[in-house]
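> I'd like to ask some things about the structure below.
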Amino acid sequence: MDKEFKRKLAEIVKDNAWYMGLGDVSRATGISQTKLRYWERKGYITSKQGKNQNRKFSYSMLIKAYQIKLFLDQGYTLAVAAEKAAAKNNVLKLVREIIFDRFEDVDTYDNHPAINLGYFDEDKDKLLYAVVYDDGTQFKLVPAKINKDDQDSK
């Protein structure tokens, strides 16, 4: 993958530079706009002011709001649901950082899509791939010197 493209994509994803309006978040999550405004007043979710003072929520806030809803549906109080959702959001942020730090390219391995996660060892002898099969994802270590075309024949 082109290094500049990779850097820019990681920057966009890291900064959650995807925003949507209150109505969009409400439709996507099934949470009323009234509840979303209340949660924002309480500080459980945040937004940025868009044009004409419209609220703009980041993609990560949409996920957090939906997680709060799921925890509420399980019987948690709003405060506890928001706390649990914040903890989950921190885990998702960490996973996103790891993926974008390690992502090199998309290849194929064993005729399946595979994410090249770069060198596995300091000697740069092996590459780590996450290979996506119909029944799940498996990690594979592949000799770094192997020709990419040879991977398809494995």
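By convention here, the chains of the structure tokens are called A, B, ... in the order presented, each chain's residues are numbered starting at 1, and ligands are numbered starting at 1 in the order presented.
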Applying 10 Å and only C-alpha atoms, which residues near A:Asn116 remain after dropping the ones on its own chain fewer than 3 positions away? List them as a PDB file with N, CA, C and O atoms, in the first residue's frame.


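Ended up saving to around15.pdb:
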ATOM      1  N   ARG A 102       0.022  -1.639  12.142  1.00  0.00           N
ATOM      2  CA  ARG A 102       0.598  -2.840  11.544  1.00  0.00           C
ATOM      3  C   ARG A 102       0.177  -3.095  10.096  1.00  0.00           C
ATOM      4  O   ARG A 102       0.836  -3.838   9.375  1.00  0.00           O
ATOM      5  N   PHE A 103      -0.910  -2.517   9.641  1.00  0.00           N
ATOM      6  CA  PHE A 103      -1.440  -2.801   8.311  1.00  0.00           C
ATOM      7  C   PHE A 103      -0.433  -2.449   7.229  1.00  0.00           C
ATOM      8  O   PHE A 103       0.068  -1.327   7.181  1.00  0.00           O
ATOM      9  N   GLU A 104      -0.156  -3.409   6.363  1.00  0.00           N
ATOM     10  CA  GLU A 104       0.749  -3.175   5.234  1.00  0.00           C
ATOM     11  C   GLU A 104       0.028  -3.251   3.895  1.00  0.00           C
ATOM     12  O   GLU A 104       0.250  -2.433   3.025  1.00  0.00           O
ATOM     13  N   ASP A 105      -0.805  -4.284   3.737  1.00  0.00           N
ATOM     14  CA  ASP A 105      -1.448  -4.477   2.442  1.00  0.00           C
ATOM     15  C   ASP A 105      -2.507  -5.568   2.556  1.00  0.00           C
ATOM     16  O   ASP A 105      -2.580  -6.267   3.556  1.00  0.00           O
ATOM     17  N   VAL A 106      -3.301  -5.707   1.519  1.00  0.00           N
ATOM     18  CA  VAL A 106      -4.238  -6.817   1.409  1.00  0.00           C
ATOM     19  C   VAL A 106      -3.719  -7.730   0.311  1.00  0.00           C
ATOM     20  O   VAL A 106      -3.429  -7.275  -0.798  1.00  0.00           O
ATOM     21  N   ASP A 107      -3.556  -8.999   0.632  1.00  0.00           N
ATOM     22  CA  ASP A 107      -3.058  -9.989  -0.313  1.00  0.00           C
ATOM     23  C   ASP A 107      -4.027 -11.161  -0.331  1.00  0.00           C
ATOM     24  O   ASP A 107      -5.125 -11.080   0.208  1.00  0.00           O
ATOM     25  N   THR A 108      -3.606 -12.250  -0.941  1.00  0.00           N
ATOM     26  CA  THR A 108      -4.337 -13.504  -0.830  1.00  0.00           C
ATOM     27  C   THR A 108      -3.393 -14.564  -0.298  1.00  0.00           C
ATOM     28  O   THR A 108      -2.177 -14.512  -0.523  1.00  0.00           O
ATOM     29  N   TYR A 109      -3.950 -15.495   0.437  1.00  0.00           N
ATOM     30  CA  TYR A 109      -3.207 -16.628   0.974  1.00  0.00           C
ATOM     31  C   TYR A 109      -4.164 -17.803   0.946  1.00  0.00           C
ATOM     32  O   TYR A 109      -5.292 -17.694   1.444  1.00  0.00           O
ATOM     33  N   PRO A 113      -8.744 -13.937   1.184  1.00  0.00           N
ATOM     34  CA  PRO A 113      -8.200 -12.605   1.482  1.00  0.00           C
ATOM     35  C   PRO A 113      -7.342 -12.653   2.744  1.00  0.00           C
ATOM     36  O   PRO A 113      -7.676 -13.354   3.707  1.00  0.00           O
ATOM     37  N   TYR A 119       6.228  -7.431   9.265  1.00  0.00           N
ATOM     38  CA  TYR A 119       7.203  -8.378   9.806  1.00  0.00           C
ATOM     39  C   TYR A 119       6.835  -8.810  11.211  1.00  0.00           C
ATOM     40  O   TYR A 119       6.415  -8.010  12.037  1.00  0.00           O
ATOM     41  N   LEU A 127       6.608 -12.814   7.867  1.00  0.00           N
ATOM     42  CA  LEU A 127       5.514 -11.859   7.814  1.00  0.00           C
ATOM     43  C   LEU A 127       4.299 -12.470   8.512  1.00  0.00           C
ATOM     44  O   LEU A 127       4.071 -13.680   8.437  1.00  0.00           O
ATOM     45  N   LEU A 128       3.527 -11.626   9.175  1.00  0.00           N
ATOM     46  CA  LEU A 128       2.320 -12.069   9.844  1.00  0.00           C
ATOM     47  C   LEU A 128       1.116 -11.684   8.982  1.00  0.00           C
ATOM     48  O   LEU A 128       0.979 -10.525   8.592  1.00  0.00           O
ATOM     49  N   TYR A 129       0.293 -12.687   8.691  1.00  0.00           N
ATOM     50  CA  TYR A 129      -0.925 -12.467   7.925  1.00  0.00           C
ATOM     51  C   TYR A 129      -2.134 -12.855   8.755  1.00  0.00           C
ATOM     52  O   TYR A 129      -2.101 -13.844   9.482  1.00  0.00           O
ATOM     53  N   ALA A 130      -3.202 -12.090   8.630  1.00  0.00           N
ATOM     54  CA  ALA A 130      -4.511 -12.470   9.162  1.00  0.00           C
ATOM     55  C   ALA A 130      -5.306 -12.941   7.945  1.00  0.00           C
ATOM     56  O   ALA A 130      -5.660 -12.137   7.080  1.00  0.00           O
ATOM     57  N   VAL A 131      -5.552 -14.236   7.870  1.00  0.00           N
ATOM     58  CA  VAL A 131      -6.218 -14.832   6.715  1.00  0.00           C
ATOM     59  C   VAL A 131      -7.686 -15.045   7.061  1.00  0.00           C
ATOM     60  O   VAL A 131      -8.010 -15.660   8.078  1.00  0.00           O
ATOM     61  N   LYS A 140      -1.264 -16.464  10.179  1.00  0.00           N
ATOM     62  CA  LYS A 140      -0.270 -17.318   9.521  1.00  0.00           C
ATOM     63  C   LYS A 140       1.061 -16.577   9.493  1.00  0.00           C
ATOM     64  O   LYS A 140       1.113 -15.372   9.220  1.00  0.00           O
ATOM     65  N   VAL A 142       4.496 -16.379   7.481  1.00  0.00           N
ATOM     66  CA  VAL A 142       4.967 -16.714   6.144  1.00  0.00           C
ATOM     67  C   VAL A 142       6.398 -16.226   6.005  1.00  0.00           C
ATOM     68  O   VAL A 142       6.702 -15.088   6.396  1.00  0.00           O
TER      69      VAL A 142
END

> Using DSSP on the backbone coordinates, identify all residues within stretch 36-81 of chain A classified as strand (DSSP E or B); present the result as JSON, numbers by chain.

{"A": [48, 49, 55, 56, 57, 58]}

> If you keep N, CA, C and O atoms, can you produce a file of those selected residues as a PDB file, in the first residue's frame?


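Saved the output as part_0.pdb:
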ATOM      1  N   LYS A  48     -19.928  17.968  17.904  1.00  0.00           N
ATOM      2  CA  LYS A  48     -19.366  19.246  17.484  1.00  0.00           C
ATOM      3  C   LYS A  48     -20.494  20.035  16.839  1.00  0.00           C
ATOM      4  O   LYS A  48     -21.434  19.463  16.289  1.00  0.00           O
ATOM      5  N   GLN A  49     -20.390  21.337  16.915  1.00  0.00           N
ATOM      6  CA  GLN A  49     -21.399  22.181  16.276  1.00  0.00           C
ATOM      7  C   GLN A  49     -21.070  22.301  14.800  1.00  0.00           C
ATOM      8  O   GLN A  49     -19.975  22.697  14.428  1.00  0.00           O
ATOM      9  N   ARG A  55     -25.907  19.710  15.485  1.00  0.00           N
ATOM     10  CA  ARG A  55     -24.966  18.799  16.133  1.00  0.00           C
ATOM     11  C   ARG A  55     -24.386  17.853  15.082  1.00  0.00           C
ATOM     12  O   ARG A  55     -25.112  17.325  14.247  1.00  0.00           O
ATOM     13  N   LYS A  56     -23.092  17.591  15.190  1.00  0.00           N
ATOM     14  CA  LYS A  56     -22.408  16.628  14.331  1.00  0.00           C
ATOM     15  C   LYS A  56     -21.696  15.636  15.233  1.00  0.00           C
ATOM     16  O   LYS A  56     -20.844  16.016  16.041  1.00  0.00           O
ATOM     17  N   PHE A  57     -22.055  14.376  15.090  1.00  0.00           N
ATOM     18  CA  PHE A  57     -21.480  13.318  15.912  1.00  0.00           C
ATOM     19  C   PHE A  57     -20.470  12.520  15.109  1.00  0.00           C
ATOM     20  O   PHE A  57     -20.697  12.206  13.943  1.00  0.00           O
ATOM     21  N   SER A  58     -19.358  12.178  15.757  1.00  0.00           N
ATOM     22  CA  SER A  58     -18.352  11.345  15.107  1.00  0.00           C
ATOM     23  C   SER A  58     -18.847   9.909  15.046  1.00  0.00           C
ATOM     24  O   SER A  58     -19.770   9.513  15.773  1.00  0.00           O
TER      25      SER A  58
END

> Using Å and a single decimal, report how far atom CA of A:Asn52 sits from atom CA of A:Ala82.

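Atom CA of A:Ala82 sits 28.4 Å away from atom CA of A:Asn52.
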